[in-house]
Amino acid sequence: MKTEPATQPPPTPSVPCRFLRTKRMYIPALAEGALDLEQNANDQSFYWCNKTLSALGADDNQVHPCLCQPGRSCHEA
């Protein structure tokens with residue numbers, strides 16, 4: 001009998017870093033909730049760090065609302 005591995009629920013998200021940006025933040029109709037984590041799982045939006053002005057944060061790791069959370073070395077609330 002084969003058993004499925006137990007899956008962990010995703011961690012409870014909190015407020016992403018204040019330097020996280022996406023184009024949706026600058027479109028009035030889409031600005032509210034632009035960094036919400038409940039968006040489509042296939043989200044292909046481009047995010048950047050406003051501190052480094054690139055897709056990598058100050059810690060040289062990729063930026064995304066799920067990744068730019070408290071506990072990350074460069075995170076600022």
# chains A, B, ... in the order shown; residues from 1 in each chain; ligands from 1

call {"tool": "residues_around", "arguments": {"residues": "region 68-71 of chain A", "least_positions_apart": "2", "cutoff": "12 Å", "atoms": "only C-alpha atoms", "output": "PyMOL selection string"}}
result
chain A and resi 11-21+35+37+47-49+55-66+73-77

call {"tool": "write_last_selection", "arguments": {"atoms": "N, CA and C atoms", "output": "CSV table (one decimal), in the first residue's frame"}}
result
chain,number,residue,atom,x,y,z
A,11,PRO,N,3.0,28.6,4.9
A,11,PRO,CA,3.1,29.5,6.0
A,11,PRO,C,2.1,30.7,5.9
A,12,THR,N,1.6,31.2,7.0
A,12,THR,CA,0.7,32.3,6.9
A,12,THR,C,1.4,33.5,6.5
A,13,PRO,N,1.0,34.1,5.3
A,13,PRO,CA,1.7,35.2,4.8
A,13,PRO,C,1.5,36.5,5.7
A,14,SER,N,2.5,37.3,5.6
A,14,SER,CA,2.3,38.6,6.3
A,14,SER,C,2.6,39.7,5.3
A,15,VAL,N,2.9,40.9,5.7
A,15,VAL,CA,3.1,42.0,4.8
A,15,VAL,C,4.5,41.9,4.1
A,16,PRO,N,4.5,41.9,2.8
A,16,PRO,CA,5.8,41.8,2.1
A,16,PRO,C,6.6,43.1,2.3
A,17,CYS,N,7.9,43.0,2.0
A,17,CYS,CA,8.8,44.1,2.2
A,17,CYS,C,8.3,45.4,1.5
A,18,ARG,N,8.5,46.5,2.1
A,18,ARG,CA,8.1,47.8,1.5
A,18,ARG,C,8.8,48.2,0.3
A,19,PHE,N,9.9,47.5,-0.1
A,19,PHE,CA,10.6,47.8,-1.3
A,19,PHE,C,10.1,47.0,-2.5
A,20,LEU,N,9.2,46.0,-2.3
A,20,LEU,CA,8.8,45.1,-3.4
A,20,LEU,C,7.8,45.9,-4.3
A,21,ARG,N,8.0,45.8,-5.6
A,21,ARG,CA,7.2,46.5,-6.6
A,21,ARG,C,6.8,45.6,-7.7
A,35,LEU,N,-0.1,43.3,-4.3
A,35,LEU,CA,0.9,42.4,-3.8
A,35,LEU,C,0.2,41.3,-3.0
A,37,LEU,N,-1.2,37.8,-1.9
A,37,LEU,CA,-0.7,36.5,-2.1
A,37,LEU,C,-1.7,35.5,-2.6
A,47,TYR,N,8.2,41.2,-10.7
A,47,TYR,CA,8.4,42.0,-9.5
A,47,TYR,C,9.8,42.4,-9.4
A,48,TRP,N,10.0,43.6,-8.8
A,48,TRP,CA,11.4,44.0,-8.6
A,48,TRP,C,11.6,44.6,-7.2
A,49,CYS,N,12.8,44.7,-6.7
A,49,CYS,CA,13.1,45.4,-5.5
A,49,CYS,C,13.4,46.8,-5.8
A,55,ALA,N,15.3,42.3,-10.2
A,55,ALA,CA,14.5,41.1,-9.8
A,55,ALA,C,15.2,40.4,-8.6
A,56,LEU,N,16.3,40.9,-8.2
A,56,LEU,CA,17.0,40.3,-7.0
A,56,LEU,C,17.0,41.3,-5.9
A,57,GLY,N,16.7,40.8,-4.7
A,57,GLY,CA,16.7,41.7,-3.5
A,57,GLY,C,18.2,42.0,-3.1
A,58,ALA,N,18.3,42.8,-2.0
A,58,ALA,CA,19.6,43.2,-1.5
A,58,ALA,C,20.4,42.0,-1.0
A,59,ASP,N,19.7,40.8,-0.8
A,59,ASP,CA,20.4,39.6,-0.4
A,59,ASP,C,20.7,38.7,-1.5
A,60,ASP,N,20.6,39.2,-2.8
A,60,ASP,CA,20.8,38.5,-4.0
A,60,ASP,C,19.9,37.3,-4.3
A,61,ASN,N,18.7,37.3,-3.7
A,61,ASN,CA,17.7,36.3,-3.9
A,61,ASN,C,16.6,36.9,-4.7
A,62,GLN,N,15.8,36.0,-5.4
A,62,GLN,CA,14.7,36.5,-6.2
A,62,GLN,C,13.6,37.2,-5.3
A,63,VAL,N,12.9,38.1,-5.9
A,63,VAL,CA,11.9,38.8,-5.2
A,63,VAL,C,10.5,38.4,-5.7
A,64,HIS,N,9.6,38.3,-4.8
A,64,HIS,CA,8.2,37.9,-5.0
A,64,HIS,C,7.4,38.1,-3.7
A,65,PRO,N,6.1,38.4,-3.8
A,65,PRO,CA,5.4,38.5,-2.5
A,65,PRO,C,5.5,37.4,-1.6
A,66,CYS,N,5.6,36.2,-2.1
A,66,CYS,CA,5.8,35.0,-1.2
A,66,CYS,C,7.2,34.9,-0.6
A,73,SER,N,16.8,38.5,5.3
A,73,SER,CA,17.8,39.5,5.9
A,73,SER,C,17.6,40.9,5.4
A,74,CYS,N,17.0,41.1,4.2
A,74,CYS,CA,16.9,42.4,3.7
A,74,CYS,C,15.5,43.0,3.9
A,75,HIS,N,14.6,42.2,4.5
A,75,HIS,CA,13.2,42.7,4.6
A,75,HIS,C,13.0,43.9,5.5
A,76,GLU,N,12.2,44.9,5.0
A,76,GLU,CA,11.9,46.0,5.8
A,76,GLU,C,10.4,46.2,5.8
A,77,ALA,N,9.8,46.3,7.0
A,77,ALA,CA,8.3,46.4,7.0
A,77,ALA,C,7.8,47.8,6.7
